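Listing of final30.pdb, PDB, C-alpha atoms, pLDDT in the B column
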```
ATOM      1  CA  MET A1416     144.158 144.717  -4.664  1.00 61.00           C
ATOM      2  CA  SER A1417     145.534 141.911  -2.502  1.00 66.00           C
ATOM      3  CA  SER A1418     143.755 141.066   0.742  1.00 63.00           C
ATOM      4  CA  TYR A1419     146.978 141.690   2.681  1.00 63.00           C
ATOM      5  CA  LEU A1420     147.035 145.278   1.430  1.00 70.00           C
ATOM      6  CA  ILE A1421     143.357 145.670   2.355  1.00 71.00           C
ATOM      7  CA  GLY A1422     144.189 144.412   5.848  1.00 65.00           C
ATOM      8  CA  LEU A1423     147.060 146.847   6.123  1.00 68.00           C
ATOM      9  CA  LEU A1424     144.822 149.755   5.080  1.00 74.00           C
ATOM     10  CA  VAL A1425     142.068 148.651   7.470  1.00 71.00           C
ATOM     11  CA  GLY A1426     144.611 148.583  10.322  1.00 68.00           C
ATOM     12  CA  ILE A1427     145.951 152.048   9.501  1.00 73.00           C
ATOM     13  CA  GLY A1428     142.384 153.346   9.103  1.00 77.00           C
ATOM     14  CA  ALA A1429     141.367 151.950  12.499  1.00 71.00           C
ATOM     15  CA  GLY A1430     144.400 153.602  14.096  1.00 70.00           C
ATOM     16  CA  LEU A1431     143.577 156.975  12.547  1.00 76.00           C
ATOM     17  CA  LEU A1432     139.946 156.627  13.673  1.00 77.00           C
ATOM     18  CA  VAL A1433     141.015 155.992  17.275  1.00 71.00           C
ATOM     19  CA  LEU A1434     143.289 159.062  17.060  1.00 70.00           C
ATOM     20  CA  ALA A1435     140.460 161.242  15.699  1.00 75.00           C
ATOM     21  CA  VAL A1436     137.997 160.077  18.388  1.00 75.00           C
ATOM     22  CA  THR A1437     140.594 160.789  21.099  1.00 68.00           C
ATOM     23  CA  LYS A1438     141.187 164.300  19.765  1.00 68.00           C
ATOM     24  CA  PHE A1439     137.422 164.936  19.474  1.00 72.00           C
ATOM     25  CA  ARG A1440     136.759 163.826  23.052  1.00 68.00           C
ATOM     26  CA  THR A1441     139.368 166.163  24.559  1.00 65.00           C
ATOM     27  CA  ARG A1442     138.692 169.204  22.331  1.00 67.00           C
ATOM     28  CA  ASN A1443     136.661 171.193  24.898  1.00 66.00           C
ATOM     29  CA  ARG A1444     138.904 170.623  27.887  1.00 67.00           C
ATOM     30  CA  PRO A1445     141.321 173.506  28.332  1.00 70.00           C
ATOM     31  CA  MET A1446     144.101 171.949  30.404  1.00 80.00           C
ATOM     32  CA  SER A1447     147.620 172.968  31.353  1.00 85.00           C
ATOM     33  CA  VAL A1448     150.547 170.837  30.170  1.00 85.00           C
ATOM     34  CA  ALA A1449     150.799 169.193  33.614  1.00 86.00           C
ATOM     35  CA  GLU A1450     147.065 168.441  33.702  1.00 87.00           C
ATOM     36  CA  GLN A1451     147.189 166.982  30.202  1.00 87.00           C
ATOM     37  CA  ALA A1452     150.168 164.810  31.161  1.00 88.00           C
ATOM     38  CA  GLU A1453     148.362 163.581  34.286  1.00 87.00           C
ATOM     39  CA  PHE A1454     145.165 162.849  32.349  1.00 89.00           C
ATOM     40  CA  LEU A1455     146.957 161.001  29.540  1.00 89.00           C
ATOM     41  CA  SER A1456     149.230 159.110  31.913  1.00 89.00           C
ATOM     42  CA  LYS A1457     146.237 157.791  33.881  1.00 90.00           C
ATOM     43  CA  ARG A1458     144.432 156.856  30.697  1.00 89.00           C
ATOM     44  CA  ARG A1459     147.518 155.010  29.461  1.00 90.00           C
ATOM     45  CA  ALA A1460     147.717 153.030  32.721  1.00 91.00           C
ATOM     46  CA  ARG A1461     144.102 151.937  32.201  1.00 91.00           C
ATOM     47  CA  MET A1462     144.513 151.236  28.484  1.00 90.00           C
ATOM     48  CA  LEU A1463     147.676 149.103  28.510  1.00 91.00           C
ATOM     49  CA  PRO A1464     146.151 145.863  29.894  1.00 91.00           C
ATOM     50  CA  ALA A1465     143.128 146.344  27.606  1.00 91.00           C
ATOM     51  CA  LEU A1466     145.442 146.738  24.611  1.00 90.00           C
ATOM     52  CA  ALA A1467     147.256 143.549  25.613  1.00 91.00           C
ATOM     53  CA  ALA A1468     143.912 141.700  25.746  1.00 90.00           C
ATOM     54  CA  ILE A1469     142.878 143.012  22.304  1.00 87.00           C
ATOM     55  CA  PHE A1470     146.299 142.126  20.910  1.00 87.00           C
ATOM     56  CA  LEU A1471     146.134 138.552  22.246  1.00 87.00           C
ATOM     57  CA  ALA A1472     142.514 138.121  21.126  1.00 84.00           C
ATOM     58  CA  GLN A1473     143.618 138.920  17.580  1.00 78.00           C
ATOM     59  CA  GLN A1474     145.790 135.792  17.644  1.00 77.00           C
ATOM     60  CA  ALA A1475     142.685 133.628  17.665  1.00 69.00           C
ATOM     61  CA  SER A1476     142.006 134.329  13.998  1.00 67.00           C
ATOM     62  CA  TYR A1477     145.498 133.121  13.097  1.00 71.00           C
ATOM     63  CA  PHE A1478     145.655 129.984  15.234  1.00 71.00           C
ATOM     64  CA  SER A1479     142.027 128.970  14.537  1.00 69.00           C
ATOM     65  CA  THR A1480     142.841 128.655  10.806  1.00 65.00           C
ATOM     66  CA  PRO A1481     144.247 125.178   9.998  1.00 62.00           C
ATOM     67  CA  VAL A1482     147.735 125.339   8.475  1.00 59.00           C
ATOM     68  CA  THR A1483     146.659 123.225   5.509  1.00 58.00           C
ATOM     69  CA  ALA A1484     143.561 125.282   4.713  1.00 61.00           C
ATOM     70  CA  ALA A1485     143.842 128.327   2.509  1.00 67.00           C
ATOM     71  CA  PRO A1486     143.129 131.426   4.644  1.00 64.00           C
ATOM     72  CA  ARG A1487     139.819 133.123   3.965  1.00 70.00           C
ATOM     73  CA  PRO A1488     140.069 136.791   2.933  1.00 71.00           C
ATOM     74  CA  VAL A1489     138.646 137.848   6.308  1.00 70.00           C
ATOM     75  CA  ASP A1490     141.416 135.935   8.112  1.00 70.00           C
ATOM     76  CA  THR A1491     144.032 137.558   5.901  1.00 73.00           C
ATOM     77  CA  VAL A1492     142.634 140.983   6.790  1.00 75.00           C
ATOM     78  CA  LYS A1493     142.710 140.136  10.520  1.00 74.00           C
ATOM     79  CA  ILE A1494     146.279 138.832  10.331  1.00 75.00           C
ATOM     80  CA  SER A1495     147.424 141.960   8.474  1.00 78.00           C
ATOM     81  CA  ALA A1496     145.654 144.127  11.062  1.00 79.00           C
ATOM     82  CA  TRP A1497     147.514 142.163  13.757  1.00 82.00           C
ATOM     83  CA  LEU A1498     150.806 143.024  12.061  1.00 84.00           C
ATOM     84  CA  VAL A1499     149.908 146.732  11.959  1.00 85.00           C
ATOM     85  CA  LEU A1500     148.847 146.659  15.623  1.00 86.00           C
ATOM     86  CA  SER A1501     152.104 144.887  16.543  1.00 89.00           C
ATOM     87  CA  ILE A1502     154.173 147.587  14.855  1.00 91.00           C
ATOM     88  CA  VAL A1503     152.136 150.388  16.471  1.00 89.00           C
ATOM     89  CA  LEU A1504     152.435 148.799  19.933  1.00 90.00           C
ATOM     90  CA  LEU A1505     156.168 148.223  19.494  1.00 91.00           C
ATOM     91  CA  ALA A1506     156.585 151.861  18.449  1.00 91.00           C
ATOM     92  CA  ALA A1507     154.559 152.984  21.486  1.00 88.00           C
ATOM     93  CA  LEU A1508     156.733 150.830  23.754  1.00 89.00           C
ATOM     94  CA  ALA A1509     159.980 152.042  22.232  1.00 89.00           C
ATOM     95  CA  THR A1510     159.123 155.757  22.029  1.00 86.00           C
ATOM     96  CA  LYS A1511     157.239 158.251  24.182  1.00 78.00           C
ATOM     97  CA  GLY A1512     153.961 157.514  22.392  1.00 80.00           C
ATOM     98  CA  PHE A1513     151.128 160.095  22.224  1.00 82.00           C
ATOM     99  CA  TRP A1514     152.388 161.225  18.835  1.00 81.00           C
ATOM    100  CA  ALA A1515     149.405 163.541  18.282  1.00 80.00           C
ATOM    101  CA  HIS A1516     150.263 165.675  21.324  1.00 83.00           C
ATOM    102  CA  SER A1517     152.652 168.598  21.760  1.00 85.00           C
ATOM    103  CA  ARG A1518     156.349 168.102  22.498  1.00 88.00           C
ATOM    104  CA  GLU A1519     155.950 169.587  26.025  1.00 88.00           C
ATOM    105  CA  VAL A1520     153.213 167.118  26.931  1.00 88.00           C
ATOM    106  CA  ARG A1521     155.137 164.186  25.444  1.00 89.00           C
ATOM    107  CA  ASN A1522     158.336 165.123  27.306  1.00 88.00           C
ATOM    108  CA  LEU A1523     156.488 165.499  30.605  1.00 89.00           C
ATOM    109  CA  ILE A1524     154.616 162.216  30.180  1.00 89.00           C
ATOM    110  CA  ASP A1525     157.906 160.433  29.551  1.00 90.00           C
ATOM    111  CA  ASP A1526     159.487 161.563  32.802  1.00 89.00           C
ATOM    112  CA  GLU A1527     161.992 159.645  34.925  1.00 92.00           C
ATOM    113  CA  ASN A1528     159.536 157.268  36.580  1.00 93.00           C
ATOM    114  CA  THR A1529     157.755 156.469  33.301  1.00 93.00           C
ATOM    115  CA  ARG A1530     161.072 155.719  31.588  1.00 93.00           C
ATOM    116  CA  ALA A1531     162.062 153.406  34.438  1.00 95.00           C
ATOM    117  CA  ASN A1532     158.700 151.599  34.260  1.00 94.00           C
ATOM    118  CA  ARG A1533     158.905 151.352  30.474  1.00 94.00           C
ATOM    119  CA  ASN A1534     162.456 149.958  30.593  1.00 95.00           C
ATOM    120  CA  HIS A1535     161.433 147.417  33.216  1.00 96.00           C
ATOM    121  CA  ALA A1536     158.471 146.349  31.069  1.00 96.00           C
ATOM    122  CA  MET A1537     160.651 146.079  27.940  1.00 95.00           C
ATOM    123  CA  GLN A1538     163.096 143.917  29.897  1.00 96.00           C
ATOM    124  CA  SER A1539     160.285 141.563  30.960  1.00 97.00           C
ATOM    125  CA  GLY A1540     158.947 141.515  27.392  1.00 96.00           C
ATOM    126  CA  PHE A1541     162.352 140.557  26.031  1.00 97.00           C
ATOM    127  CA  LEU A1542     162.751 137.736  28.572  1.00 98.00           C
ATOM    128  CA  PHE A1543     159.271 136.355  27.822  1.00 97.00           C
ATOM    129  CA  ALA A1544     159.893 136.549  24.050  1.00 97.00           C
ATOM    130  CA  MET A1545     163.131 134.597  24.529  1.00 97.00           C
ATOM    131  CA  GLY A1546     161.332 132.122  26.785  1.00 97.00           C
ATOM    132  CA  ALA A1547     158.673 131.663  24.100  1.00 96.00           C
ATOM    133  CA  GLY A1548     161.499 131.127  21.580  1.00 96.00           C
ATOM    134  CA  VAL A1549     162.941 128.352  23.746  1.00 97.00           C
ATOM    135  CA  CYS A1550     159.483 126.739  24.058  1.00 96.00           C
ATOM    136  CA  VAL A1551     158.955 126.883  20.283  1.00 96.00           C
ATOM    137  CA  TYR A1552     162.395 125.322  19.772  1.00 96.00           C
ATOM    138  CA  VAL A1553     161.498 122.422  22.083  1.00 96.00           C
ATOM    139  CA  VAL A1554     158.119 121.971  20.360  1.00 95.00           C
ATOM    140  CA  THR A1555     159.808 121.727  16.939  1.00 95.00           C
ATOM    141  CA  MET A1556     161.566 118.589  18.190  1.00 95.00           C
ATOM    142  CA  PHE A1557     158.182 116.837  18.314  1.00 95.00           C
ATOM    143  CA  THR A1558     156.003 118.597  15.759  1.00 93.00           C
ATOM    144  CA  PRO A1559     156.723 120.898  12.806  1.00 92.00           C
ATOM    145  CA  VAL A1560     156.193 124.617  13.473  1.00 90.00           C
ATOM    146  CA  THR A1561     156.095 127.112  10.629  1.00 89.00           C
ATOM    147  CA  ALA A1562     158.195 130.262  10.775  1.00 90.00           C
ATOM    148  CA  ARG A1563     155.046 132.404  10.867  1.00 86.00           C
ATOM    149  CA  GLU A1564     153.647 130.478  13.833  1.00 88.00           C
ATOM    150  CA  ALA A1565     156.938 130.863  15.693  1.00 92.00           C
ATOM    151  CA  VAL A1566     157.012 134.609  14.981  1.00 92.00           C
ATOM    152  CA  HIS A1567     153.409 134.964  16.189  1.00 90.00           C
ATOM    153  CA  VAL A1568     154.125 133.166  19.452  1.00 92.00           C
ATOM    154  CA  MET A1569     157.325 135.090  20.201  1.00 94.00           C
ATOM    155  CA  MET A1570     155.926 138.510  19.295  1.00 93.00           C
ATOM    156  CA  SER A1571     152.741 137.872  21.245  1.00 91.00           C
ATOM    157  CA  ALA A1572     154.632 136.775  24.342  1.00 94.00           C
ATOM    158  CA  GLY A1573     157.042 139.709  24.186  1.00 95.00           C
ATOM    159  CA  ILE A1574     154.625 142.522  23.372  1.00 95.00           C
ATOM    160  CA  ALA A1575     151.768 141.360  25.618  1.00 94.00           C
ATOM    161  CA  THR A1576     154.097 140.862  28.595  1.00 96.00           C
ATOM    162  CA  ALA A1577     155.624 144.313  28.143  1.00 96.00           C
ATOM    163  CA  LEU A1578     152.171 145.942  27.898  1.00 95.00           C
ATOM    164  CA  ILE A1579     150.780 144.163  30.962  1.00 95.00           C
ATOM    165  CA  GLN A1580     153.908 144.841  33.035  1.00 95.00           C
ATOM    166  CA  TRP A1581     153.994 148.527  32.047  1.00 94.00           C
ATOM    167  CA  GLY A1582     150.281 148.889  32.813  1.00 94.00           C
ATOM    168  CA  PHE A1583     150.754 147.279  36.227  1.00 94.00           C
ATOM    169  CA  LEU A1584     153.726 149.511  37.094  1.00 94.00           C
ATOM    170  CA  GLU A1585     151.933 152.669  35.935  1.00 93.00           C
ATOM    171  CA  ARG A1586     148.809 151.845  37.936  1.00 93.00           C
ATOM    172  CA  ARG A1587     150.920 151.209  41.025  1.00 91.00           C
ATOM    173  CA  ALA A1588     152.712 154.519  40.493  1.00 91.00           C
ATOM    174  CA  HIS A1589     149.416 156.427  40.329  1.00 89.00           C
ATOM    175  CA  ARG A1590     148.092 154.790  43.468  1.00 86.00           C
ATOM    176  CA  ASP A1591     148.365 156.907  46.603  1.00 75.00           C
ATOM    177  CA  ALA A1592     149.910 155.318  49.677  1.00 56.00           C
TER     178      ALA A1592
ATOM    179  CA  MET B 870     179.310 148.439  59.045  1.00 44.00           C
ATOM    180  CA  SER B 871     177.295 149.841  56.157  1.00 47.00           C
ATOM    181  CA  GLY B 872     174.838 147.821  54.076  1.00 50.00           C
ATOM    182  CA  ALA B 873     177.098 148.052  51.039  1.00 52.00           C
ATOM    183  CA  HIS B 874     179.780 146.060  52.866  1.00 60.00           C
ATOM    184  CA  THR B 875     177.495 143.484  54.471  1.00 63.00           C
ATOM    185  CA  GLY B 876     175.396 142.855  51.355  1.00 68.00           C
ATOM    186  CA  MET B 877     172.247 143.933  53.234  1.00 69.00           C
ATOM    187  CA  PRO B 878     169.632 145.645  51.050  1.00 77.00           C
ATOM    188  CA  GLU B 879     169.689 149.406  51.435  1.00 83.00           C
ATOM    189  CA  ARG B 880     166.772 151.764  50.980  1.00 86.00           C
ATOM    190  CA  LEU B 881     166.745 155.442  50.115  1.00 90.00           C
ATOM    191  CA  ALA B 882     164.391 157.007  52.653  1.00 92.00           C
ATOM    192  CA  ASN B 883     163.137 160.571  52.418  1.00 94.00           C
ATOM    193  CA  ARG B 884     161.138 163.233  54.227  1.00 94.00           C
ATOM    194  CA  LEU B 885     159.595 164.535  51.012  1.00 94.00           C
ATOM    195  CA  LYS B 886     155.988 164.304  52.178  1.00 94.00           C
ATOM    196  CA  ASP B 887     156.649 165.974  55.532  1.00 94.00           C
ATOM    197  CA  ARG B 888     158.560 168.855  53.976  1.00 95.00           C
ATOM    198  CA  ARG B 889     156.050 169.299  51.140  1.00 95.00           C
ATOM    199  CA  THR B 890     153.150 169.420  53.596  1.00 95.00           C
ATOM    200  CA  GLU B 891     155.129 171.822  55.790  1.00 94.00           C
ATOM    201  CA  LEU B 892     155.440 174.207  52.840  1.00 95.00           C
ATOM    202  CA  GLY B 893     151.761 173.771  51.955  1.00 95.00           C
ATOM    203  CA  LEU B 894     152.469 172.292  48.539  1.00 95.00           C
ATOM    204  CA  THR B 895     150.438 169.633  46.759  1.00 94.00           C
ATOM    205  CA  GLN B 896     152.130 166.788  44.882  1.00 94.00           C
ATOM    206  CA  ALA B 897     151.034 168.413  41.610  1.00 92.00           C
ATOM    207  CA  GLU B 898     152.554 171.774  42.571  1.00 93.00           C
ATOM    208  CA  LEU B 899     155.859 170.201  43.568  1.00 95.00           C
ATOM    209  CA  ALA B 900     155.846 168.134  40.379  1.00 94.00           C
ATOM    210  CA  GLU B 901     155.366 171.266  38.294  1.00 92.00           C
ATOM    211  CA  ARG B 902     158.273 172.975  40.089  1.00 93.00           C
ATOM    212  CA  VAL B 903     160.695 170.162  39.243  1.00 94.00           C
ATOM    213  CA  GLY B 904     159.276 169.348  35.801  1.00 92.00           C
ATOM    214  CA  VAL B 905     157.935 165.851  36.368  1.00 93.00           C
ATOM    215  CA  THR B 906     154.446 164.357  36.651  1.00 92.00           C
ATOM    216  CA  ARG B 907     152.578 164.058  39.965  1.00 93.00           C
ATOM    217  CA  LYS B 908     152.978 160.291  39.613  1.00 92.00           C
ATOM    218  CA  THR B 909     156.762 160.544  39.933  1.00 94.00           C
ATOM    219  CA  VAL B 910     156.534 162.661  43.097  1.00 95.00           C
ATOM    220  CA  ASN B 911     154.008 160.151  44.465  1.00 94.00           C
ATOM    221  CA  THR B 912     156.298 157.179  43.818  1.00 94.00           C
ATOM    222  CA  VAL B 913     159.317 158.908  45.393  1.00 95.00           C
ATOM    223  CA  GLU B 914     157.255 159.840  48.480  1.00 94.00           C
ATOM    224  CA  ASN B 915     156.027 156.273  48.835  1.00 91.00           C
ATOM    225  CA  ASN B 916     159.521 154.802  48.353  1.00 90.00           C
ATOM    226  CA  VAL B 917     158.325 152.915  45.276  1.00 91.00           C
ATOM    227  CA  PHE B 918     160.833 154.681  43.033  1.00 93.00           C
ATOM    228  CA  THR B 919     164.414 155.740  43.717  1.00 93.00           C
ATOM    229  CA  PRO B 920     165.036 159.076  41.975  1.00 94.00           C
ATOM    230  CA  SER B 921     168.165 159.876  40.000  1.00 94.00           C
ATOM    231  CA  ALA B 922     170.740 162.271  41.452  1.00 95.00           C
ATOM    232  CA  THR B 923     169.426 164.983  39.107  1.00 95.00           C
ATOM    233  CA  LEU B 924     165.856 164.642  40.329  1.00 95.00           C
ATOM    234  CA  ALA B 925     166.974 164.382  43.953  1.00 95.00           C
ATOM    235  CA  ILE B 926     168.853 167.691  43.638  1.00 96.00           C
ATOM    236  CA  LYS B 927     165.886 169.337  41.905  1.00 95.00           C
ATOM    237  CA  LEU B 928     163.515 168.131  44.630  1.00 96.00           C
ATOM    238  CA  ALA B 929     165.851 169.335  47.370  1.00 96.00           C
ATOM    239  CA  ARG B 930     166.141 172.767  45.733  1.00 96.00           C
ATOM    240  CA  ALA B 931     162.377 173.038  45.257  1.00 95.00           C
ATOM    241  CA  LEU B 932     161.857 172.237  48.937  1.00 95.00           C
ATOM    242  CA  ASP B 933     164.671 174.542  50.071  1.00 95.00           C
ATOM    243  CA  MET B 934     166.765 171.780  51.635  1.00 94.00           C
ATOM    244  CA  THR B 935     170.013 169.998  50.928  1.00 95.00           C
ATOM    245  CA  VAL B 936     169.904 166.545  49.342  1.00 95.00           C
ATOM    246  CA  GLU B 937     171.302 165.024  52.551  1.00 94.00           C
ATOM    247  CA  GLN B 938     168.539 166.630  54.618  1.00 94.00           C
ATOM    248  CA  LEU B 939     165.868 165.312  52.254  1.00 95.00           C
ATOM    249  CA  PHE B 940     167.261 161.846  51.521  1.00 95.00           C
ATOM    250  CA  TRP B 941     169.216 159.327  53.569  1.00 94.00           C
ATOM    251  CA  ILE B 942     170.153 155.671  53.284  1.00 92.00           C
ATOM    252  CA  GLU B 943     168.442 153.204  55.571  1.00 86.00           C
ATOM    253  CA  PRO B 944     169.955 149.760  56.071  1.00 80.00           C
TER     254      PRO B 944
END
```
Have the structure of the file written as structure tokens, please.
Amino acid sequence: MSSYLIGLLVGIGAGLLVLAVTKFRTRNRPMSVAEQAEFLSKRRARMLPALAAIFLAQQASYFSTPVTAAPRPVDTVKISAWLVLSIVLLAALATKGFWAHSREVRNLIDDENTRANRNHAMQSGFLFAMGAGVCVYVVTMFTPVTAREAVHVMMSAGIATALIQWGFLERRAHRDA
Amino acid sequence: MSGAHTGMPERLANRLKDRRTELGLTQAELAERVGVTRKTVNTVENNVFTPSATLAIKLARALDMTVEQLFWIEP
């Protein structure tokens, strides 16, 4: 089995584990739909900057490996896990998220203010990804940059910016005047 | 001359908090009545978020007022 496939499976496994732990922790809390939405919305506001930090920290394994050196299996696993995390985060940004919860809870969580915050964050993410693209283009005039490096930089800039911005807006929205 | 003509920034002000308190409702209760989260009611009350026409009408109905009584434009 290739190490990329192992990395992919490890990433999916980690995601499922997080989902199972989340479900286990909330199993004994009988809450109404509104209470669930409030609880999850607050947790999301706290989690988004942390997710951005984890996502950016994962880049270290890619950029710490010299381009000329053959990647060690552990690096390959980390890079594959980064890809899985990127796809999951993009899906969470583009959809309502909280896929393991009921439709009522998901619809309530994705109300008007959340959609506005999410759209604003996606807009910032897009601008930062394009800005990173421009920077990479300028850098290529002086030093060669591989396609994978360019993709890493642009995706990191876009996704991390969107997560941080969304987290900031959600925290501000929860704050009482 | 209105703000729209002069290019001055306009702000949608509201008396949501006053009316809600008058009726003895919490943010959570009002949110449940209009089908949004407490966070959305909080942001509208604090003028952080400008609601859509749909939400403005729903809020006005839930608080037994007209939209014009609940919201107005401030230059």
Output check: residues returned by the PyMOL selection byres ((chain B and resi 918-932) around 7), as a short mmCIF file (atom, residue, chain, number, x, y, z; two decimals) with C-alpha atoms, keeping the file's coordinate frame:
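For reference, part-v2.cif as written:
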```cif
data_model
loop_
_atom_site.label_atom_id
_atom_site.label_comp_id
_atom_site.auth_asym_id
_atom_site.auth_seq_id
_atom_site.Cartn_x
_atom_site.Cartn_y
_atom_site.Cartn_z
CA LEU B 881 166.74 155.44 50.12
CA ARG B 888 158.56 168.86 53.98
CA ARG B 889 156.05 169.30 51.14
CA ARG B 902 158.27 172.98 40.09
CA VAL B 903 160.70 170.16 39.24
CA THR B 912 156.30 157.18 43.82
CA VAL B 913 159.32 158.91 45.39
CA ASN B 916 159.52 154.80 48.35
CA VAL B 917 158.32 152.92 45.28
CA ASP B 933 164.67 174.54 50.07
CA MET B 934 166.76 171.78 51.64
CA THR B 935 170.01 170.00 50.93
CA VAL B 936 169.90 166.54 49.34
CA LEU B 939 165.87 165.31 52.25
#
```
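Compared by their closest atoms to A:Arg1587, and using only C-alpha atoms, the residues A:Ser1571, A:Asn1528, A:Asn1534, A:Ser1539 rank with A:Asn1528 nearest.
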### Task
For chain A, list the residues within 6 Å of chain B, counting all atoms listed in the file, and write the list as a PyMOL selection string.
chain A and resi 1523+1526+1528+1588-1589
Residues near A:Ala1467, cut-off 8 Å, only C-alpha atoms, skip fewer than 6 positions along chain, as a PDB file with C-alpha atoms, in the frame of the given file:
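Generated output (around29.pdb):
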```pdb
ATOM      1  CA  ILE A1574     154.625 142.522  23.372  1.00 95.00           C
ATOM      2  CA  ALA A1575     151.768 141.360  25.618  1.00 94.00           C
ATOM      3  CA  THR A1576     154.097 140.862  28.595  1.00 96.00           C
ATOM      4  CA  LEU A1578     152.171 145.942  27.898  1.00 95.00           C
ATOM      5  CA  ILE A1579     150.780 144.163  30.962  1.00 95.00           C
TER       6      ILE A1579
END
```
### Query
Rounded to one decimal in Å, what is the spacing between atom CA of A:Arg1461 and atom CA of A:Glu1585?
8.7 Å
Adding 6 Å on each side of the box along x, y and z that holds all listed atoms of stretch 890-909 of chain B, could you give its centre and edge lengths in Å to one decimal, as lines of an AutoDock Vina configuration file?
```
center_x = 155.6
center_y = 167.2
center_z = 45.8
size_x = 22.3
size_y = 25.9
size_z = 32.0
```
